file work_3.csv (CSV, C-alpha atoms and all ligand atoms)
chain,number,residue,atom,x,y,z
P,1,MET,CA,27.0,-7.5,11.1
P,2,ARG,CA,27.4,-6.1,14.6
P,3,GLN,CA,29.5,-3.1,13.3
P,4,GLU,CA,26.9,-2.3,10.7
P,5,TYR,CA,24.1,-2.6,13.2
P,6,ASP,CA,26.0,-0.4,15.7
P,7,SER,CA,26.4,2.2,13.0
P,8,LEU,CA,22.6,2.2,12.4
P,9,VAL,CA,22.1,2.7,16.1
P,10,ALA,CA,24.6,5.5,16.2
P,11,GLN,CA,22.7,7.3,13.4
P,12,ASP,CA,19.4,6.6,15.1
P,13,LEU,CA,18.3,4.6,12.0
P,14,ASP,CA,17.6,1.3,13.7
P,15,TRP,CA,14.0,0.0,14.0
P,16,ARG,CA,12.7,-0.3,17.5
P,17,ILE,CA,9.6,-2.4,17.1
P,18,LYS,CA,6.6,-2.3,19.4
P,19,GLU,CA,4.6,-5.6,19.4
P,20,LEU,CA,0.8,-5.9,19.3
P,21,ARG,CA,-0.4,-8.2,22.1
P,22,GLY,CA,-3.6,-9.4,20.6
P,23,PRO,CA,-5.5,-8.5,17.4
P,24,SER,CA,-5.0,-5.5,15.1
P,25,LEU,CA,-7.8,-3.2,16.4
P,26,PRO,CA,-8.0,0.6,16.5
P,27,ARG,CA,-7.7,0.4,20.3
P,28,ALA,CA,-5.1,-2.2,21.0
P,29,ASN,CA,-2.6,-3.6,23.5
P,30,VAL,CA,0.7,-2.2,22.2
P,31,ALA,CA,3.8,-3.4,24.0
P,32,GLY,CA,1.8,-4.2,27.1
P,33,LYS,CA,0.0,-0.8,27.2
P,34,GLU,CA,-3.7,-1.3,27.1
P,35,ASN,CA,-6.2,0.6,25.0
P,36,VAL,CA,-3.8,2.6,22.8
P,37,ILE,CA,-5.4,4.4,19.8
P,38,VAL,CA,-3.7,3.0,16.7
P,39,LEU,CA,-3.0,5.5,14.0
P,40,CYS,CA,-0.3,3.6,12.1
P,41,SER,CA,-2.0,0.4,10.9
P,42,ASN,CA,-3.0,-0.3,7.2
P,43,ASN,CA,-6.0,-2.3,8.4
P,44,TYR,CA,-8.0,0.7,7.2
P,45,LEU,CA,-11.5,-0.9,7.4
P,46,GLY,CA,-11.0,-3.2,10.3
P,47,LEU,CA,-11.4,-6.3,8.1
P,48,ALA,CA,-8.5,-8.1,9.9
P,49,THR,CA,-11.0,-8.9,12.7
P,50,HIS,CA,-14.2,-9.0,10.7
P,51,PRO,CA,-16.3,-12.0,11.9
P,52,LYS,CA,-16.9,-13.2,8.3
P,53,VAL,CA,-13.2,-13.0,7.4
P,54,LYS,CA,-12.1,-14.8,10.6
P,55,ALA,CA,-14.8,-17.5,10.1
P,56,ALA,CA,-13.6,-18.1,6.5
P,57,ALA,CA,-10.1,-18.6,7.7
P,58,ALA,CA,-11.1,-21.1,10.4
P,59,ARG,CA,-13.4,-23.0,8.0
P,60,ALA,CA,-10.6,-23.3,5.4
P,61,VAL,CA,-8.3,-25.0,7.9
P,62,ARG,CA,-11.0,-27.6,8.5
P,63,THR,CA,-11.7,-28.2,4.8
P,64,HIS,CA,-8.3,-27.7,3.2
P,65,GLY,CA,-5.7,-28.1,6.0
P,66,ALA,CA,-2.9,-25.7,7.2
P,67,GLY,CA,-0.7,-25.5,4.1
P,68,SER,CA,-0.9,-25.7,0.3
P,69,GLY,CA,1.9,-28.3,-0.1
P,70,SER,CA,3.8,-26.7,-3.0
P,71,VAL,CA,4.5,-23.8,-5.3
P,72,ARG,CA,1.5,-22.7,-7.4
P,73,PRO,CA,2.7,-24.2,-10.8
P,74,ILE,CA,3.4,-27.7,-9.3
P,75,ALA,CA,0.9,-29.0,-6.7
P,76,GLY,CA,0.1,-25.8,-4.8
P,77,THR,CA,-2.9,-24.4,-6.7
P,78,MET,CA,-6.0,-25.2,-4.8
P,79,ASP,CA,-9.6,-24.4,-5.8
P,80,LEU,CA,-9.4,-21.6,-3.2
P,81,HIS,CA,-6.6,-19.8,-5.0
P,82,GLU,CA,-8.5,-19.9,-8.3
P,83,GLU,CA,-11.7,-18.7,-6.5
P,84,LEU,CA,-9.7,-15.8,-5.1
P,85,GLU,CA,-8.4,-14.8,-8.5
P,86,ARG,CA,-11.9,-14.9,-10.0
P,87,THR,CA,-13.2,-12.9,-7.0
P,88,ILE,CA,-10.6,-10.1,-7.1
P,89,ALA,CA,-10.8,-9.9,-11.0
P,90,HIS,CA,-14.6,-9.4,-10.6
P,91,PHE,CA,-14.1,-6.8,-7.9
P,92,LYS,CA,-11.6,-4.9,-10.0
P,93,HIS,CA,-13.8,-5.1,-13.1
P,94,ALA,CA,-10.9,-6.8,-14.8
P,95,GLU,CA,-10.8,-9.8,-17.2
P,96,ALA,CA,-8.4,-11.7,-15.0
P,97,ALA,CA,-6.1,-11.6,-12.0
P,98,LEU,CA,-3.1,-13.5,-10.6
P,99,VAL,CA,-2.5,-13.7,-6.9
P,100,TYR,CA,1.0,-13.6,-5.4
P,101,GLN,CA,2.3,-14.3,-1.9
P,102,SER,CA,2.6,-10.5,-1.3
P,103,GLY,CA,2.5,-7.2,-3.0
P,104,PHE,CA,6.2,-7.1,-2.8
P,105,ALA,CA,6.4,-10.5,-4.6
P,106,ALA,CA,4.1,-9.2,-7.3
P,107,ASN,CA,6.3,-6.1,-8.0
P,108,ALA,CA,9.6,-8.0,-7.7
P,109,GLY,CA,8.3,-10.9,-9.8
P,110,LEU,CA,6.5,-9.1,-12.6
P,111,ILE,CA,8.3,-5.8,-13.3
P,112,PRO,CA,11.6,-7.5,-14.4
P,113,GLN,CA,9.7,-9.7,-16.8
P,114,LEU,CA,7.6,-6.8,-18.3
P,115,ALA,CA,10.7,-4.8,-19.2
P,116,GLY,CA,14.2,-6.1,-20.1
P,117,ASP,CA,16.9,-5.5,-22.6
P,118,GLY,CA,15.8,-2.9,-25.2
P,119,ASP,CA,13.0,-1.6,-23.0
P,120,VAL,CA,12.8,1.5,-20.8
P,121,ILE,CA,11.0,2.0,-17.5
P,122,ILE,CA,9.8,5.5,-16.5
P,123,SER,CA,9.2,5.7,-12.8
P,124,ASP,CA,8.0,8.4,-10.3
P,125,GLU,CA,10.8,9.3,-7.9
P,126,LEU,CA,8.8,8.5,-4.8
P,127,ASN,CA,7.6,5.0,-5.9
P,128,HIS,CA,7.5,2.3,-3.2
P,129,GLY,CA,10.6,0.3,-2.4
P,130,SER,CA,9.1,-2.9,-3.8
P,131,ILE,CA,8.8,-1.2,-7.2
P,132,ILE,CA,12.3,0.1,-6.9
P,133,ASP,CA,13.6,-3.4,-6.2
P,134,GLY,CA,11.6,-4.8,-9.1
P,135,VAL,CA,13.1,-2.2,-11.4
P,136,ARG,CA,16.6,-3.1,-10.0
P,137,LEU,CA,16.1,-6.6,-11.3
P,138,THR,CA,15.6,-5.6,-14.9
P,139,ARG,CA,18.0,-5.0,-17.7
P,140,ALA,CA,15.8,-2.3,-19.0
P,141,GLU,CA,17.0,1.3,-19.0
P,142,ARG,CA,15.5,3.5,-16.3
P,143,LEU,CA,14.3,7.1,-16.3
P,144,VAL,CA,12.9,8.8,-13.3
P,145,TYR,CA,10.5,11.8,-13.2
P,146,LYS,CA,10.0,14.3,-10.4
P,147,HIS,CA,7.2,13.3,-8.0
P,148,ASN,CA,3.8,13.7,-9.7
P,149,SER,CA,5.2,16.1,-12.4
P,150,MET,CA,3.3,15.3,-15.5
P,151,GLY,CA,5.5,17.8,-17.4
P,152,GLU,CA,8.6,15.8,-16.5
P,153,LEU,CA,6.9,12.5,-17.3
P,154,GLU,CA,6.1,13.9,-20.8
P,155,SER,CA,9.8,15.0,-21.2
P,156,ARG,CA,10.9,11.5,-20.2
P,157,LEU,CA,8.4,10.0,-22.7
P,158,ARG,CA,9.7,12.2,-25.4
P,159,GLU,CA,13.3,11.1,-24.6
P,160,ALA,CA,12.2,7.5,-24.7
P,161,ASP,CA,10.3,8.0,-27.9
P,162,ALA,CA,13.3,9.3,-29.7
P,163,LYS,CA,15.1,5.9,-29.1
P,164,PRO,CA,14.2,2.5,-30.6
P,165,TYR,CA,13.0,1.0,-27.4
P,166,ARG,CA,10.7,-2.1,-27.8
P,167,ARG,CA,8.6,-1.1,-24.8
P,168,ILE,CA,8.1,2.0,-22.7
P,169,LEU,CA,6.7,1.1,-19.2
P,170,ILE,CA,5.4,3.8,-16.9
P,171,ILE,CA,5.2,2.8,-13.2
P,172,SER,CA,3.7,4.7,-10.4
P,173,ASP,CA,2.1,4.3,-7.0
P,174,GLY,CA,-1.5,5.2,-7.1
P,175,VAL,CA,-1.6,6.6,-3.5
P,176,PHE,CA,1.9,7.6,-2.1
P,177,SER,CA,2.3,6.0,1.3
P,178,MET,CA,4.5,8.7,2.9
P,179,ASP,CA,2.4,11.8,1.9
P,180,GLY,CA,-1.0,10.4,1.3
P,181,ASP,CA,-1.2,12.2,-2.1
P,182,ILE,CA,-2.3,10.6,-5.3
P,183,ALA,CA,-0.9,10.1,-8.8
P,184,GLN,CA,-2.7,11.8,-11.6
P,185,VAL,CA,-3.6,8.4,-13.1
P,186,ASP,CA,-5.9,9.9,-15.7
P,187,GLU,CA,-3.1,12.1,-17.0
P,188,ILE,CA,-0.6,9.2,-16.9
P,189,VAL,CA,-3.0,7.1,-19.0
P,190,LYS,CA,-3.5,10.0,-21.5
P,191,LEU,CA,0.2,10.5,-21.9
P,192,ALA,CA,0.9,6.8,-22.2
P,193,ASP,CA,-1.7,6.6,-24.9
P,194,SER,CA,-0.1,9.3,-27.0
P,195,TYR,CA,3.4,7.7,-26.7
P,196,GLY,CA,2.3,4.1,-27.0
P,197,ALA,CA,3.5,3.3,-23.5
P,198,MET,CA,2.3,0.6,-21.0
P,199,VAL,CA,1.0,1.7,-17.6
P,200,TYR,CA,1.6,-0.2,-14.3
P,201,ILE,CA,-0.1,1.2,-11.2
P,202,ASP,CA,0.6,0.0,-7.7
P,203,ASP,CA,-2.8,0.4,-5.9
P,204,ALA,CA,-1.7,-0.9,-2.5
P,205,HIS,CA,-3.2,2.0,-0.6
P,206,GLY,CA,-6.0,2.7,-3.1
P,207,GLU,CA,-8.1,-0.4,-2.9
P,208,GLY,CA,-10.7,-0.4,-0.2
P,209,VAL,CA,-10.2,3.3,0.0
P,210,MET,CA,-10.4,5.1,-3.4
P,211,GLY,CA,-13.0,4.8,-6.2
P,212,GLU,CA,-16.5,3.5,-6.4
P,213,GLY,CA,-17.0,0.7,-3.8
P,214,GLY,CA,-13.3,0.9,-2.9
P,215,ARG,CA,-12.3,-0.5,-6.3
P,216,GLY,CA,-9.1,1.6,-6.3
P,217,ILE,CA,-7.4,4.5,-8.0
P,218,ALA,CA,-8.3,3.5,-11.6
P,219,SER,CA,-12.0,3.6,-10.6
P,220,HIS,CA,-11.4,7.0,-8.8
P,221,PHE,CA,-10.1,8.5,-12.1
P,222,LYS,CA,-12.6,6.6,-14.3
P,223,VAL,CA,-9.9,4.9,-16.3
P,224,GLU,CA,-10.7,1.3,-15.5
P,225,GLY,CA,-9.5,-0.9,-18.3
P,226,LYS,CA,-6.9,1.6,-19.4
P,227,VAL,CA,-4.3,0.7,-16.9
P,228,HIS,CA,-2.5,-2.3,-18.3
P,229,VAL,CA,-1.4,-3.7,-14.9
P,230,GLU,CA,-3.3,-2.9,-11.7
P,231,MET,CA,-1.2,-4.3,-8.9
P,232,GLY,CA,-2.6,-4.5,-5.4
P,233,THR,CA,-2.2,-6.1,-2.0
P,234,PHE,CA,-4.4,-7.9,0.5
P,235,SER,CA,-2.3,-6.7,3.4
P,236,LYS,CA,-3.8,-3.3,3.8
P,237,ALA,CA,-7.5,-2.5,3.5
P,238,PHE,CA,-8.4,-6.2,2.9
P,239,GLY,CA,-6.8,-6.9,6.3
P,240,VAL,CA,-5.1,-10.2,5.4
P,241,VAL,CA,-1.9,-10.7,3.3
P,242,GLY,CA,-1.0,-11.3,-0.3
P,243,GLY,CA,-0.6,-9.5,-3.6
P,244,TYR,CA,-2.2,-9.6,-7.0
P,245,VAL,CA,-2.1,-8.1,-10.5
P,246,ALA,CA,-5.4,-7.5,-12.4
P,247,GLY,CA,-5.8,-6.8,-16.0
P,248,SER,CA,-6.3,-8.8,-19.2
P,249,ALA,CA,-6.3,-12.6,-19.6
P,250,ASP,CA,-3.0,-12.1,-21.5
P,251,LEU,CA,-1.5,-10.3,-18.5
P,252,ARG,CA,-2.5,-13.2,-16.2
P,253,ARG,CA,-1.0,-15.9,-18.6
P,254,PHE,CA,2.2,-13.9,-19.1
P,255,ALA,CA,2.6,-13.2,-15.3
P,256,LEU,CA,1.9,-16.8,-14.4
P,257,ASN,CA,4.5,-18.2,-16.8
P,258,LYS,CA,7.2,-15.6,-16.2
P,259,SER,CA,7.2,-14.3,-12.6
P,260,ARG,CA,9.9,-16.0,-10.7
P,261,THR,CA,8.5,-15.1,-7.3
P,262,TRP,CA,5.2,-16.8,-8.3
P,263,LEU,CA,6.9,-19.8,-9.9
P,264,LEU,CA,9.5,-20.5,-7.3
P,265,SER,CA,7.9,-19.8,-3.9
P,266,GLY,CA,5.2,-21.6,-2.0
P,267,SER,CA,1.6,-20.5,-2.3
P,268,HIS,CA,-0.7,-19.1,0.3
P,269,PRO,CA,-2.1,-21.4,2.9
P,270,PRO,CA,-5.9,-22.1,2.6
P,271,ALA,CA,-6.8,-20.0,5.7
P,272,THR,CA,-5.1,-16.9,4.1
P,273,THR,CA,-6.7,-17.5,0.7
P,274,ALA,CA,-10.2,-18.0,2.1
P,275,ALA,CA,-9.8,-14.9,4.4
P,276,CYS,CA,-8.9,-12.9,1.3
P,277,ILE,CA,-12.0,-14.1,-0.6
P,278,ALA,CA,-14.2,-13.2,2.4
P,279,ALA,CA,-12.5,-9.8,2.7
P,280,VAL,CA,-13.3,-8.9,-0.9
P,281,ARG,CA,-16.9,-10.1,-0.5
P,282,VAL,CA,-17.3,-8.0,2.7
P,283,LEU,CA,-16.0,-5.0,0.8
P,284,GLU,CA,-18.6,-5.6,-2.0
P,285,THR,CA,-21.5,-6.1,0.4
P,286,GLU,CA,-20.7,-3.7,3.3
P,287,PRO,CA,-19.7,-0.3,1.8
P,288,LYS,CA,-20.4,1.4,5.2
P,289,TRP,CA,-16.8,0.8,6.3
P,290,ILE,CA,-15.5,2.8,3.4
P,291,LEU,CA,-17.9,5.7,4.2
P,292,ARG,CA,-16.9,5.6,7.9
P,293,LEU,CA,-13.2,5.6,6.9
P,294,TRP,CA,-13.7,8.8,4.9
P,295,LYS,CA,-15.9,10.5,7.5
P,296,ASN,CA,-13.2,9.9,10.1
P,297,THR,CA,-10.5,11.0,7.7
P,298,GLU,CA,-12.1,14.3,6.8
P,299,TYR,CA,-12.9,15.1,10.4
P,300,PHE,CA,-9.4,14.3,11.6
P,301,ARG,CA,-7.7,16.2,8.8
P,302,LYS,CA,-9.9,19.3,9.3
P,303,GLN,CA,-9.4,19.3,13.1
P,304,LEU,CA,-5.6,18.8,12.7
P,305,ARG,CA,-5.5,21.8,10.4
P,306,LYS,CA,-7.6,23.8,12.8
P,307,LEU,CA,-5.1,23.1,15.5
P,308,GLY,CA,-2.5,24.6,13.3
P,309,PHE,CA,-0.7,21.4,12.0
P,310,ASP,CA,0.6,21.2,8.4
P,311,THR,CA,-0.8,18.1,6.8
P,312,GLY,CA,1.1,18.4,3.5
P,313,ASN,CA,-0.6,17.3,0.3
P,314,SER,CA,-2.6,14.5,1.7
P,315,VAL,CA,-6.0,13.8,0.1
P,316,THR,CA,-6.4,10.3,1.5
P,317,PRO,CA,-6.6,8.6,4.9
P,318,ILE,CA,-2.8,8.7,5.1
P,319,ILE,CA,-2.3,12.1,6.8
P,320,PRO,CA,1.2,13.3,7.6
P,321,VAL,CA,1.7,15.8,10.4
P,322,MET,CA,4.8,17.7,9.2
P,323,CYS,CA,7.4,18.3,12.0
P,324,GLY,CA,10.5,19.5,10.1
P,325,GLU,CA,13.5,18.1,11.9
P,326,SER,CA,13.8,14.4,12.7
P,327,SER,CA,14.3,15.0,16.4
P,328,LYS,CA,11.0,16.9,16.7
P,329,ALA,CA,9.1,14.0,14.9
P,330,LYS,CA,10.7,11.4,17.2
P,331,ALA,CA,10.0,13.4,20.4
P,332,MET,CA,6.4,14.0,19.3
P,333,SER,CA,5.8,10.3,18.5
P,334,GLU,CA,7.2,9.3,21.9
P,335,ARG,CA,5.1,11.8,23.7
P,336,LEU,CA,2.0,10.7,21.7
P,337,PHE,CA,2.6,7.1,22.8
P,338,GLY,CA,2.9,8.3,26.4
P,339,LEU,CA,-0.6,9.9,25.9
P,340,GLY,CA,-2.0,6.6,24.5
P,341,VAL,CA,-1.7,7.3,20.8
P,342,TRP,CA,0.5,5.2,18.5
P,343,ALA,CA,1.7,7.1,15.4
P,344,LEU,CA,5.2,6.6,14.0
P,345,PRO,CA,7.7,9.2,13.0
P,346,ILE,CA,8.9,9.1,9.4
P,347,VAL,CA,12.4,10.5,9.1
P,348,PHE,CA,15.5,10.7,6.9
P,349,PRO,CA,16.4,8.6,4.8
P,350,MET,CA,12.7,7.7,4.2
P,351,VAL,CA,12.0,11.3,3.6
P,352,ALA,CA,14.1,14.4,3.1
P,353,LYS,CA,16.0,15.7,6.2
P,354,ASP,CA,13.8,18.7,6.8
P,355,LYS,CA,10.5,16.8,5.9
P,356,ALA,CA,10.3,14.6,9.0
P,357,ARG,CA,6.7,13.9,10.0
P,358,ILE,CA,4.3,11.8,12.1
P,359,ARG,CA,2.4,9.7,9.6
P,360,THR,CA,-1.1,8.9,10.6
P,361,ILE,CA,-3.3,6.4,9.0
P,362,ASN,CA,-7.0,6.6,9.7
P,363,ASN,CA,-9.4,3.8,10.4
P,364,ALA,CA,-13.1,3.1,9.9
P,365,LYS,CA,-13.4,1.6,13.3
P,366,LEU,CA,-12.3,4.6,15.3
P,367,THR,CA,-15.2,6.4,17.1
P,368,ARG,CA,-15.6,10.2,17.3
P,369,LYS,CA,-14.5,9.9,20.9
P,370,ASP,CA,-11.3,8.1,19.9
P,371,ILE,CA,-10.5,10.7,17.4
P,372,ASN,CA,-11.1,13.6,19.7
P,373,GLU,CA,-8.9,11.9,22.3
P,374,ALA,CA,-6.2,11.5,19.6
P,375,LEU,CA,-6.5,15.2,18.6
P,376,ALA,CA,-6.1,16.3,22.2
P,377,ALA,CA,-2.9,14.2,22.4
P,378,PHE,CA,-1.6,15.7,19.2
P,379,GLU,CA,-2.2,19.2,20.5
P,380,THR,CA,-0.3,18.4,23.8
P,381,ALA,CA,2.5,16.5,22.1
P,382,GLY,CA,2.8,19.0,19.2
P,383,LYS,CA,3.3,21.9,21.7
P,384,ALA,CA,5.8,19.9,23.8
P,385,ALA,CA,7.8,19.0,20.7
P,386,GLY,CA,7.8,22.6,19.3
P,387,VAL,CA,5.8,21.6,16.3
P,388,LEU,CA,2.9,23.9,17.2
E,401,LIG,C1,2.8,1.2,-2.3
E,401,LIG,C2,3.1,-0.2,-1.8
E,401,LIG,N1,3.3,-1.2,-2.7
E,401,LIG,C3,3.6,-2.5,-2.3
E,401,LIG,C4,3.6,-2.8,-1.0
E,401,LIG,C5,3.9,-4.2,-0.6
E,401,LIG,O1,2.8,-4.9,-0.3
E,401,LIG,P1,2.8,-6.2,0.6
E,401,LIG,O2,2.7,-5.8,2.0
E,401,LIG,O3,1.6,-7.0,0.1
E,401,LIG,O4,4.1,-6.9,0.3
E,401,LIG,C6,3.4,-1.8,0.0
E,401,LIG,C7,3.4,-2.2,1.4
E,401,LIG,O5,4.1,-1.7,2.2
E,401,LIG,C8,3.1,-0.5,-0.4
E,401,LIG,O6,2.9,0.5,0.5

call {"tool": "encode", "arguments": {"input": "work_3.csv", "output": "structure tokens"}}
result
Amino acid sequence: MRQEYDSLVAQDLDWRIKELRGPSLPRANVAGKENVIVLCSNNYLGLATHPKVKAAAARAVRTHGAGSGSVRPIAGTMDLHEELERTIAHFKHAEAALVYQSGFAANAGLIPQLAGDGDVIISDELNHGSIIDGVRLTRAERLVYKHNSMGELESRLREADAKPYRRILIISDGVFSMDGDIAQVDEIVKLADSYGAMVYIDDAHGEGVMGEGGRGIASHFKVEGKVHVEMGTFSKAFGVVGGYVAGSADLRRFALNKSRTWLLSGSHPPATTAACIAAVRVLETEPKWILRLWKNTEYFRKQLRKLGFDTGNSVTPIIPVMCGESSKAKAMSERLFGLGVWALPIVFPMVAKDKARIRTINNAKLTRKDINEALAAFETAGKAAGVL
């Protein structure tokens, strides 16, 4: 273990984690440094500290205790779990939903059950690691298409169609977390329809951000009800933790009876479940947070470009600042932290060697003053690192 770890350190690939000392806020205490502007949290709307979400968690401890006592299928399904499933299904305009311990558990548990021997999975090359791990657990054949290339997806579908597969399953992220670009879900749905394929979309970065009322990428493309599996997470815009799949009642019954991560691992504690319910309700009743997130995002993106930064293909609150070489991205991130801005470098092997970047994630709770301060830090750090 030490040898392998030392080799990671030698390649500069080890994680050096900074701790938050206190709540997840857009201005936080990071590793003891006060008042740092946080541009790397997935708590897009600030719901992790919303008073209604916190109060729901505290109340559930009093009414239901600290733990659920079991896995869901045995004695670990509480009324709160079922209420959360009804709440998220209603929010997603879906017939039913099933909640998992995390988004990772949803992908790793359901994908290998949906496609097995005699099936084929067609996957975007930049899909999230939890999808990749889910796909690794299947006996299905795998085909990969070039990122967001609908032409290549159609070629893979044609290839698959020529063989006697039982099921063709297309899987894609909705919003891609490294570039902030989006999948053409309307095109994917159309192609799937013509080849009789099933569609599975990971909406982890879409809900609370994209679509009407933050309902996600299917709503954004007006294809609600046409995506067979909408998978999501409570760990990002909802500000808590947990995963879910939403779709038909058949999907819920199937996923519940077959997903090993759901069947064989303890269920969420009451506080988590109640906080998730409250977070969905806040999103339904307080759309102002989504509007503020987009206002901040558009301002930040525009000003970064004005300064001369390349922000890639981003069309969402995930905005990469392209740096080229890894060393530049790392130097720039360190300088930014020194200037009171926390934004992480994304380098090889997470992205190609010449595509290192600082990934920023915007937040509804940032003020215009915070953003202007962050922009000034980007200008200084960008010049110092040779990015500008
Ligand atoms: C696209 C995508 N899918 C799935 C996940 C996993 O979600 P969770 O944090 O709920 O396990 C993430 C989180 O990093 C993600 O970015």

call {"tool": "residues_around", "arguments": {"input": "work_3.csv", "residues": "segment 161-178 of chain P", "least_positions_apart": "2", "cutoff": "9 Å", "atoms": "all atoms listed in the file", "output": "VMD selection string"}}
result
chain P and resid 114 to 128 131 153 156 to 159 180 to 185 188 192 195 to 206 210 216 to 218 316 318 to 320 346 350 to 351 359

call {"tool": "closest_residue", "arguments": {"input": "work_3.csv", "among": "P:Gln3, P:Ser326, P:Thr63, P:Ser70", "to": "Ala352 of chain P", "atoms": "only C-alpha atoms"}}
result
P:Ser326

call {"tool": "atom_distance", "arguments": {"input": "work_3.csv", "atom1": "atom CA of Ala94 of chain P", "atom2": "atom CA of Gly247 of chain P"}}
result
5.2 Å

call {"tool": "residues_around", "arguments": {"input": "work_3.csv", "residues": "Met332 of chain P", "least_positions_apart": "4", "cutoff": "12 Å", "atoms": "all atoms listed in the file", "output": "PDB file with C-alpha atoms, keeping the file's coordinate frame"}}
result
ATOM      1  CA  VAL P 321       1.700  15.800  10.400  1.00  0.00           C
ATOM      2  CA  MET P 322       4.800  17.700   9.200  1.00  0.00           C
ATOM      3  CA  CYS P 323       7.400  18.300  12.000  1.00  0.00           C
ATOM      4  CA  GLY P 324      10.500  19.500  10.100  1.00  0.00           C
ATOM      5  CA  GLU P 325      13.500  18.100  11.900  1.00  0.00           C
ATOM      6  CA  SER P 326      13.800  14.400  12.700  1.00  0.00           C
ATOM      7  CA  SER P 327      14.300  15.000  16.400  1.00  0.00           C
ATOM      8  CA  LYS P 328      11.000  16.900  16.700  1.00  0.00           C
ATOM      9  CA  LEU P 336       2.000  10.700  21.700  1.00  0.00           C
ATOM     10  CA  PHE P 337       2.600   7.100  22.800  1.00  0.00           C
ATOM     11  CA  GLY P 338       2.900   8.300  26.400  1.00  0.00           C
ATOM     12  CA  LEU P 339      -0.600   9.900  25.900  1.00  0.00           C
ATOM     13  CA  VAL P 341      -1.700   7.300  20.800  1.00  0.00           C
ATOM     14  CA  TRP P 342       0.500   5.200  18.500  1.00  0.00           C
ATOM     15  CA  ALA P 343       1.700   7.100  15.400  1.00  0.00           C
ATOM     16  CA  LEU P 344       5.200   6.600  14.000  1.00  0.00           C
ATOM     17  CA  PRO P 345       7.700   9.200  13.000  1.00  0.00           C
ATOM     18  CA  ILE P 346       8.900   9.100   9.400  1.00  0.00           C
ATOM     19  CA  ALA P 356      10.300  14.600   9.000  1.00  0.00           C
ATOM     20  CA  ARG P 357       6.700  13.900  10.000  1.00  0.00           C
ATOM     21  CA  ILE P 358       4.300  11.800  12.100  1.00  0.00           C
ATOM     22  CA  ARG P 359       2.400   9.700   9.600  1.00  0.00           C
ATOM     23  CA  ALA P 377      -2.900  14.200  22.400  1.00  0.00           C
ATOM     24  CA  PHE P 378      -1.600  15.700  19.200  1.00  0.00           C
ATOM     25  CA  GLU P 379      -2.200  19.200  20.500  1.00  0.00           C
ATOM     26  CA  THR P 380      -0.300  18.400  23.800  1.00  0.00           C
ATOM     27  CA  ALA P 381       2.500  16.500  22.100  1.00  0.00           C
ATOM     28  CA  GLY P 382       2.800  19.000  19.200  1.00  0.00           C
ATOM     29  CA  LYS P 383       3.300  21.900  21.700  1.00  0.00           C
ATOM     30  CA  ALA P 384       5.800  19.900  23.800  1.00  0.00           C
ATOM     31  CA  ALA P 385       7.800  19.000  20.700  1.00  0.00           C
ATOM     32  CA  GLY P 386       7.800  22.600  19.300  1.00  0.00           C
ATOM     33  CA  VAL P 387       5.800  21.600  16.300  1.00  0.00           C
ATOM     34  CA  LEU P 388       2.900  23.900  17.200  1.00  0.00           C
TER      35      LEU P 388
END

call {"tool": "atom_distance", "arguments": {"input": "work_3.csv", "atom1": "atom CA of Phe104 of chain P", "atom2": "atom O1 of ligand LIG 401 (chain E)"}}
result
4.8 Å

call {"tool": "closest_residue", "arguments": {"input": "work_3.csv", "among": "P:Ser333, P:Ser259, P:Ser267, P:Ser130", "to": "ligand LIG 401 (chain E)", "atoms": "only C-alpha atoms and all ligand atoms"}}
result
P:Ser130

call {"tool": "residues_near_point", "arguments": {"input": "work_3.csv", "point": "(-14.3, 4.1, 8.1)", "cutoff": "8 Å", "atoms": "all atoms listed in the file", "output": "ChimeraX atom specification"}}
result
/P:44-45,288-297,362-366

call {"tool": "closest_residue", "arguments": {"input": "work_3.csv", "among": "P:Thr367, P:Ser235, P:Asn35, P:Thr311", "to": "Thr273 of chain P", "atoms": "all atoms listed in the file"}}
result
P:Ser235

call {"tool": "closest_residue", "arguments": {"input": "work_3.csv", "among": "P:Asn107, P:Ser194, P:Ser248, P:Asn43", "to": "Val135 of chain P", "atoms": "all atoms listed in the file"}}
result
P:Asn107

call {"tool": "decode", "arguments": {"input": "work_3.csv", "residues": "segment 49-61 of chain P", "atoms": "C-alpha atoms", "output": "PDB file, in the first residue's frame"}}
result
ATOM      1  CA  THR P  49     -27.972  25.146   5.352  1.00  0.00           C
ATOM      2  CA  HIS P  50     -31.539  26.185   4.506  1.00  0.00           C
ATOM      3  CA  PRO P  51     -33.443  26.667   7.808  1.00  0.00           C
ATOM      4  CA  LYS P  52     -36.342  24.435   6.691  1.00  0.00           C
ATOM      5  CA  VAL P  53     -33.986  21.629   5.667  1.00  0.00           C
ATOM      6  CA  LYS P  54     -32.023  21.811   8.921  1.00  0.00           C
ATOM      7  CA  ALA P  55     -35.220  21.950  10.999  1.00  0.00           C
ATOM      8  CA  ALA P  56     -36.636  18.875   9.220  1.00  0.00           C
ATOM      9  CA  ALA P  57     -33.472  16.904  10.017  1.00  0.00           C
ATOM     10  CA  ALA P  58     -33.547  17.904  13.686  1.00  0.00           C
ATOM     11  CA  ARG P  59     -37.273  17.112  13.975  1.00  0.00           C
ATOM     12  CA  ALA P  60     -36.817  13.646  12.455  1.00  0.00           C
ATOM     13  CA  VAL P  61     -34.196  12.739  15.051  1.00  0.00           C
TER      14      VAL P  61
END
